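**Q** Quick one: structure below, then a few questions.
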Amino acid sequence: MATTMTPLQPGTEAAAQAAAFAIFGSDIPPISPEDNGGSWRTTLHVIAEEWEGEGRVERHAARTAAAINELLDIEARFGVGSPEALTAGTALKPLIDRCRHFGITTADLRQHGAQLR
């Protein structure tokens, strides 16, 4: 008998907990739902505010801009589609994904020095 997975329902505590781990990974500060009335939904907002206050979002944008520039340099030296460029692109993907979670835009990355064309 096959079991089926029930998808997370938006707005539920389970969805909020899954979102916290998807967005922040293992880098969740020591804030627990018990500190916020037992709610992961509230905790998610508290974590995001703490990250912003600590400058982590800005540092992530700067780190991503540097990785973009490194990829562009590798593509210029070894060619687009080269094994070196593919490796650098693969390493860049999680950084870009996290930018989407944080709402970091192309303009933000340019502000941090990304040499986007």
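Identifiers in this document derive from the order of the structure tokens: chains are assigned A, B, ..., residues are numbered from 1 separately in each chain, and ligands are numbered from 1 in order of occurrence.
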Find the residues around Ala65 of chain A up to 12 Å (only C-alpha atoms counted), leave out those fewer than 5 positions away in its own chain, and share them as a list in words.

**A**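 Near neighbours after the sequence-gap exclusion: Glu58, Arg59, His60, Glu70, Leu71, Leu72, Leu92, Leu95, Ile96, Cys99, Ile104, Thr105, Thr106, Ala107, Asp108, Leu109, Arg110, Gln111, His112, Gly113, Ala114, Gln115 and Leu116 of chain A.
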
**Q** Looking only at the backbone, which of the residues in segment 4-107 of chain A does DSSP tag as alpha helix (DSSP H), as a ChimeraX atom specification?

**A** /A:13-24,40-54,56-78,83-102,106-107

**Q** Could you tell me which of A:Thr87, A:Ser82, A:Ser39, A:Asn69 comes closest to Ala15 of chain A if we count only C-alpha atoms?

**A** A:Ser39

**Q** Which residues are near Thr42 of chain A? Cut-off 12 Å, only C-alpha atoms, ignore same chain within fewer than 3 positions. Put them as a list in words.

**A**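 The filter keeps Gly11, Thr12, Glu13, Ala16, Gln17, Ala20, Ile31, Ser32, Pro33, Glu34, Asp35, Asn36, Gly37, Gly38, Ser39, His45, Val46, Ile47, Ala48 and Glu49 of chain A.
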
**Q** Residues as selected, all heavy atoms, written as a compact mmCIF listing (two decimals), in the first residue's frame, can you do that?

**A**
```txt
# COMPACT_ATOMS: atom_id res chain seq x y z
N GLY A 11 -0.46 28.97 5.57
CA GLY A 11 -1.01 29.59 6.77
C GLY A 11 -1.02 28.70 7.99
O GLY A 11 -1.44 29.13 9.06
N THR A 12 -0.57 27.46 7.87
CA THR A 12 -0.56 26.56 9.02
C THR A 12 0.77 26.65 9.74
O THR A 12 1.77 27.13 9.21
CB THR A 12 -0.80 25.10 8.59
OG1 THR A 12 0.30 24.69 7.77
CG2 THR A 12 -2.11 24.94 7.83
N GLU A 13 0.79 26.17 10.96
CA GLU A 13 2.03 26.14 11.73
C GLU A 13 3.08 25.27 11.04
O GLU A 13 4.25 25.60 11.00
CB GLU A 13 1.76 25.62 13.15
CG GLU A 13 1.05 26.63 14.02
CD GLU A 13 1.85 27.91 14.23
OE1 GLU A 13 3.05 27.84 14.58
OE2 GLU A 13 1.27 28.99 14.03
N ALA A 16 4.61 27.22 8.25
CA ALA A 16 5.49 28.26 8.77
C ALA A 16 6.81 27.67 9.24
O ALA A 16 7.88 28.24 8.99
CB ALA A 16 4.81 29.02 9.91
N GLN A 17 6.76 26.52 9.90
CA GLN A 17 7.99 25.86 10.35
C GLN A 17 8.82 25.43 9.14
O GLN A 17 10.03 25.65 9.10
CB GLN A 17 7.68 24.66 11.22
CG GLN A 17 8.92 23.97 11.75
CD GLN A 17 8.60 22.78 12.64
OE1 GLN A 17 7.50 22.29 12.66
NE2 GLN A 17 9.61 22.33 13.35
N ALA A 20 10.48 28.45 7.65
CA ALA A 20 11.62 28.91 8.45
C ALA A 20 12.88 28.13 8.11
O ALA A 20 13.95 28.70 7.89
CB ALA A 20 11.31 28.81 9.94
N ILE A 31 15.81 31.34 18.62
CA ILE A 31 14.46 31.84 18.87
C ILE A 31 13.54 30.66 18.65
O ILE A 31 13.62 30.01 17.62
CB ILE A 31 14.09 32.98 17.90
CG1 ILE A 31 15.04 34.16 18.07
CG2 ILE A 31 12.65 33.42 18.10
CD1 ILE A 31 14.88 35.23 17.01
N SER A 32 12.71 30.39 19.60
CA SER A 32 11.83 29.23 19.43
C SER A 32 10.38 29.67 19.46
O SER A 32 10.06 30.74 19.99
CB SER A 32 12.10 28.19 20.53
OG SER A 32 11.58 28.64 21.75
N PRO A 33 9.51 28.85 18.95
CA PRO A 33 8.08 29.17 18.98
C PRO A 33 7.57 29.37 20.41
O PRO A 33 6.65 30.16 20.63
CB PRO A 33 7.41 27.97 18.32
CG PRO A 33 8.46 27.37 17.48
CD PRO A 33 9.75 27.62 18.20
N GLU A 34 8.19 28.69 21.37
CA GLU A 34 7.74 28.84 22.75
C GLU A 34 7.93 30.28 23.23
O GLU A 34 7.22 30.75 24.10
CB GLU A 34 8.49 27.87 23.67
CG GLU A 34 8.11 26.41 23.48
CD GLU A 34 8.65 25.80 22.18
OE1 GLU A 34 9.79 26.14 21.76
OE2 GLU A 34 7.93 25.01 21.56
N ASP A 35 8.91 30.98 22.65
CA ASP A 35 9.14 32.38 23.00
C ASP A 35 8.10 33.31 22.37
O ASP A 35 8.04 34.48 22.71
CB ASP A 35 10.54 32.84 22.52
CG ASP A 35 11.66 32.02 23.14
OD1 ASP A 35 11.49 31.53 24.28
OD2 ASP A 35 12.70 31.87 22.48
N ASN A 36 7.34 32.79 21.44
CA ASN A 36 6.39 33.60 20.68
C ASN A 36 4.99 33.00 20.72
O ASN A 36 4.35 32.83 19.69
CB ASN A 36 6.87 33.75 19.24
CG ASN A 36 8.19 34.46 19.16
OD1 ASN A 36 8.25 35.65 19.43
ND2 ASN A 36 9.25 33.74 18.84
N GLY A 37 4.53 32.67 21.87
CA GLY A 37 3.18 32.14 22.03
C GLY A 37 2.98 30.79 21.35
O GLY A 37 1.87 30.43 21.00
N GLY A 38 4.07 30.04 21.12
CA GLY A 38 3.96 28.74 20.50
C GLY A 38 3.72 28.78 19.00
O GLY A 38 3.40 27.77 18.39
N SER A 39 3.90 29.93 18.38
CA SER A 39 3.57 30.09 16.97
C SER A 39 4.81 30.20 16.09
O SER A 39 5.64 31.09 16.27
CB SER A 39 2.72 31.35 16.78
OG SER A 39 2.58 31.64 15.40
N HIS A 45 8.55 35.73 11.54
CA HIS A 45 8.68 37.18 11.43
C HIS A 45 9.77 37.71 12.36
O HIS A 45 10.55 38.58 11.99
CB HIS A 45 7.35 37.87 11.72
CG HIS A 45 6.32 37.63 10.68
ND1 HIS A 45 6.35 38.23 9.45
CD2 HIS A 45 5.24 36.82 10.68
CE1 HIS A 45 5.32 37.81 8.73
NE2 HIS A 45 4.63 36.96 9.44
N VAL A 46 9.84 37.16 13.56
CA VAL A 46 10.85 37.59 14.53
C VAL A 46 12.25 37.27 14.02
O VAL A 46 13.17 38.10 14.10
CB VAL A 46 10.61 36.92 15.91
CG1 VAL A 46 11.77 37.17 16.86
CG2 VAL A 46 9.30 37.42 16.52
N ILE A 47 12.43 36.08 13.45
CA ILE A 47 13.73 35.69 12.90
C ILE A 47 14.12 36.64 11.77
O ILE A 47 15.25 37.13 11.71
CB ILE A 47 13.72 34.23 12.40
CG1 ILE A 47 13.56 33.26 13.57
CG2 ILE A 47 14.99 33.92 11.61
CD1 ILE A 47 13.27 31.84 13.15
N ALA A 48 13.18 36.92 10.87
CA ALA A 48 13.47 37.81 9.74
C ALA A 48 13.87 39.20 10.24
O ALA A 48 14.82 39.81 9.73
CB ALA A 48 12.26 37.90 8.82
N GLU A 49 13.17 39.71 11.24
CA GLU A 49 13.51 41.03 11.79
C GLU A 49 14.89 41.01 12.43
O GLU A 49 15.66 41.96 12.29
CB GLU A 49 12.46 41.47 12.80
CG GLU A 49 11.14 41.84 12.17
CD GLU A 49 10.03 42.05 13.19
OE1 GLU A 49 10.31 42.03 14.41
OE2 GLU A 49 8.89 42.25 12.75
```

**Q** For Ile23 of chain A, please output as an MDAnalysis selection string all residues within 9 Å (counting only C-alpha atoms; exclusion window: fewer than 5 positions along the same chain).

**A** chainID A and resid 18 97:98 101:102

**Q** Take atom CA of Ala67 of chain A and atom CA of Ala91 of chain A and report the distance between them in Å, one decimal.

**A**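 Computing the Euclidean distance for atom CA of Ala67 of chain A and atom CA of Ala91 of chain A yields 8.4 Å.
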
**Q** I need the residue nearest Leu44 of chain A from this list: A:Val80, A:Ile74, A:Ala19, A:Gly103. Use only C-alpha atoms for the distance.

**A** A:Ala19

**Q** Return the single residue from A:Phe24, A:Gly79, A:Glu84, A:Lys93 that is closest to Glu50 of chain A, with distances computed using only C-alpha atoms.

**A**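 Ranking A:Phe24, A:Gly79, A:Glu84, A:Lys93 by distance to Glu50 of chain A, first place goes to A:Phe24.
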
**Q** How many Å separate atom CA of Thr90 of chain A from atom CA of Trp51 of chain A?

**A**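 Separation between atom CA of Thr90 of chain A and atom CA of Trp51 of chain A: 25.1 Å.
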